[in-house]
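Okay, structure first, notes after.
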Amino acid sequence: MQDTKNAEALLLAWVKLTAIVKNSRITKGLVYNEAVVMLSLYRRYKEDGEGLVSVKELRTGTGMLKSLLNRTINSLEEKGLLEKVRGTSDRRTLYVKCVKERLDLFTGVHAASLEIAEKIMNIIGEEDTARFIGIVQKIEASGYSLESGREE
């Protein structure tokens, strides 16, 4: 009985957090999935100055279905935010990278998202922020798939 109560409470908390994020329009100007892909490319760009990421790596990192990721990539390409690049050693491998000249469009969205994250951090405090991050990392590291409902 207690497990069911906790599961209900967790589910309700999840729904409330999702509503808060959705209503905050955390990705103003971009569809949520576009912002997720751009964040991956932007993080790589900050690491190596190029931001080249394979589509396979993006799919693994974002957990998006192949069809959804392809639509998202095509949409971002149409908006001029990323470009597709074929692998040099294996032409079957498709990479994407951010268009440097248009990166300011994403960084504006990213800055607004960071402001929302900072507001949440101010509400819950440093200790709970660190715990929340740790909990999410623990779930991710477990290999648990919300889609399949079991560990992979």
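Here, A, B, ... name the chains of the structure tokens in the order displayed, residue numbers run from 1 inside each chain, and ligands are numbered from 1 in the same displayed order.
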request  = Pick out the residues sitting within 6 Å of A:Lys97, and hand them over as a ChimeraX atom specification; count only C-alpha atoms, and ignore anything fewer than 5 positions along from it in its own chain.
outcome  = /A:51-52,82-83
Could you save those same residues with C-alpha atoms as a PDB file, in the first residue's frame?
```
ATOM      1  CA  GLY A  51      30.129  20.557 -32.608  1.00  0.00           C
ATOM      2  CA  LEU A  52      30.120  17.556 -34.939  1.00  0.00           C
ATOM      3  CA  LEU A  82      22.368  22.825 -38.192  1.00  0.00           C
ATOM      4  CA  GLU A  83      23.866  21.178 -41.206  1.00  0.00           C
TER       5      GLU A  83
END
```
Would you kindly return, as a ChimeraX atom specification, each protein, DNA or RNA residue with an atom no farther than 12 Å from any atom of A:Arg43, considering only C-alpha atoms and excluding same-chain residues fewer than 5 positions away? /A:35-38,48-53,58,97-98,103,106-107,110
Using only N, CA and C atoms, please write the residues we just selected to a file, as a PDB file, in the first residue's frame.
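Saved file selection19.pdb follows:
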```pdb
ATOM      1  N   ALA A  35      15.328  21.951 -29.205  1.00  0.00           N
ATOM      2  CA  ALA A  35      16.213  22.490 -28.167  1.00  0.00           C
ATOM      3  C   ALA A  35      17.093  21.394 -27.582  1.00  0.00           C
ATOM      4  N   VAL A  36      16.549  20.195 -27.430  1.00  0.00           N
ATOM      5  CA  VAL A  36      17.329  19.067 -26.899  1.00  0.00           C
ATOM      6  C   VAL A  36      18.476  18.723 -27.849  1.00  0.00           C
ATOM      7  N   VAL A  37      18.182  18.642 -29.142  1.00  0.00           N
ATOM      8  CA  VAL A  37      19.225  18.333 -30.127  1.00  0.00           C
ATOM      9  C   VAL A  37      20.257  19.454 -30.163  1.00  0.00           C
ATOM     10  N   MET A  38      19.786  20.698 -30.194  1.00  0.00           N
ATOM     11  CA  MET A  38      20.718  21.823 -30.241  1.00  0.00           C
ATOM     12  C   MET A  38      21.599  21.887 -29.000  1.00  0.00           C
ATOM     13  N   ASP A  48      34.821  21.296 -28.485  1.00  0.00           N
ATOM     14  CA  ASP A  48      35.827  21.142 -29.540  1.00  0.00           C
ATOM     15  C   ASP A  48      35.826  22.228 -30.616  1.00  0.00           C
ATOM     16  N   GLY A  49      34.919  23.205 -30.510  1.00  0.00           N
ATOM     17  CA  GLY A  49      34.887  24.292 -31.476  1.00  0.00           C
ATOM     18  C   GLY A  49      34.218  23.953 -32.783  1.00  0.00           C
ATOM     19  N   GLU A  50      33.765  22.703 -32.945  1.00  0.00           N
ATOM     20  CA  GLU A  50      33.107  22.310 -34.191  1.00  0.00           C
ATOM     21  C   GLU A  50      31.677  21.824 -33.961  1.00  0.00           C
ATOM     22  N   GLY A  51      31.473  21.018 -32.933  1.00  0.00           N
ATOM     23  CA  GLY A  51      30.129  20.557 -32.608  1.00  0.00           C
ATOM     24  C   GLY A  51      29.607  19.428 -33.461  1.00  0.00           C
ATOM     25  N   LEU A  52      30.498  18.659 -34.060  1.00  0.00           N
ATOM     26  CA  LEU A  52      30.120  17.556 -34.939  1.00  0.00           C
ATOM     27  C   LEU A  52      29.700  16.347 -34.101  1.00  0.00           C
ATOM     28  N   VAL A  53      28.457  15.875 -34.310  1.00  0.00           N
ATOM     29  CA  VAL A  53      27.920  14.741 -33.558  1.00  0.00           C
ATOM     30  C   VAL A  53      27.247  13.792 -34.541  1.00  0.00           C
ATOM     31  N   LEU A  58      23.538  11.071 -31.250  1.00  0.00           N
ATOM     32  CA  LEU A  58      22.421  11.917 -30.839  1.00  0.00           C
ATOM     33  C   LEU A  58      21.236  11.068 -30.408  1.00  0.00           C
ATOM     34  N   LYS A  97      26.021  19.183 -37.328  1.00  0.00           N
ATOM     35  CA  LYS A  97      26.735  20.178 -36.525  1.00  0.00           C
ATOM     36  C   LYS A  97      25.984  21.488 -36.588  1.00  0.00           C
ATOM     37  N   CYS A  98      26.181  22.293 -35.560  1.00  0.00           N
ATOM     38  CA  CYS A  98      25.506  23.577 -35.522  1.00  0.00           C
ATOM     39  C   CYS A  98      26.153  24.523 -36.533  1.00  0.00           C
ATOM     40  N   LEU A 103      24.290  30.370 -34.434  1.00  0.00           N
ATOM     41  CA  LEU A 103      24.316  29.840 -33.069  1.00  0.00           C
ATOM     42  C   LEU A 103      23.669  30.786 -32.060  1.00  0.00           C
ATOM     43  N   PHE A 106      20.182  29.917 -30.951  1.00  0.00           N
ATOM     44  CA  PHE A 106      20.057  28.918 -29.893  1.00  0.00           C
ATOM     45  C   PHE A 106      20.536  29.468 -28.562  1.00  0.00           C
ATOM     46  N   THR A 107      21.632  30.201 -28.546  1.00  0.00           N
ATOM     47  CA  THR A 107      22.166  30.667 -27.265  1.00  0.00           C
ATOM     48  C   THR A 107      21.183  31.589 -26.548  1.00  0.00           C
ATOM     49  N   HIS A 110      18.827  29.198 -24.990  1.00  0.00           N
ATOM     50  CA  HIS A 110      19.560  28.522 -23.918  1.00  0.00           C
ATOM     51  C   HIS A 110      19.692  29.430 -22.689  1.00  0.00           C
TER      52      HIS A 110
END
```
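Proximity ranking of A:Thr93, A:Asn33, A:Ser40, A:Ser54 relative to A:Leu68 places A:Asn33 first, based on only C-alpha atoms.
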Counting only C-alpha atoms, which residues of stretch 6-85 of chain A fall within 12 Å of stretch 132-145 of chain A, and what is the closest atom pair for each with its distance in Å at one decimal, ordered by chain and rising number, as a Markdown table?
```
| residue | atom | partner | partner_atom | distance |
| --- | --- | --- | --- | --- |
| A:Thr60 | CA | A:Gly143 | CA | 11.6 |
| A:Gly61 | CA | A:Glu140 | CA | 10.5 |
| A:Thr62 | CA | A:Glu140 | CA | 11.3 |
| A:Gly63 | CA | A:Ser145 | CA | 9.0 |
| A:Met64 | CA | A:Ser145 | CA | 11.7 |
```
One decimal place gives the atom CA of A:Leu94-atom CA of A:Gly80 separation as 17.3 Å
Between atom CA of A:Ala7 and atom CA of A:Glu126 lies a distance of 25.6 Å
Closest of A:Glu118, A:Glu34, A:Asp90, A:Glu101 to A:Ser75, counting only C-alpha atoms, is A:Glu34
What's the separation between atom CA of A:Leu30 and atom CA of A:Val109, in Å to one decimal place?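 These two atoms are separated by 7.7 Å.
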_DSSP on the backbone, helix (DSSP H, G or I) only: what residues of stretch 33-141 of chain A does that give? Format it as a PyMOL selection string._
chain A and resi 33-48+55-62+66-78+100-141
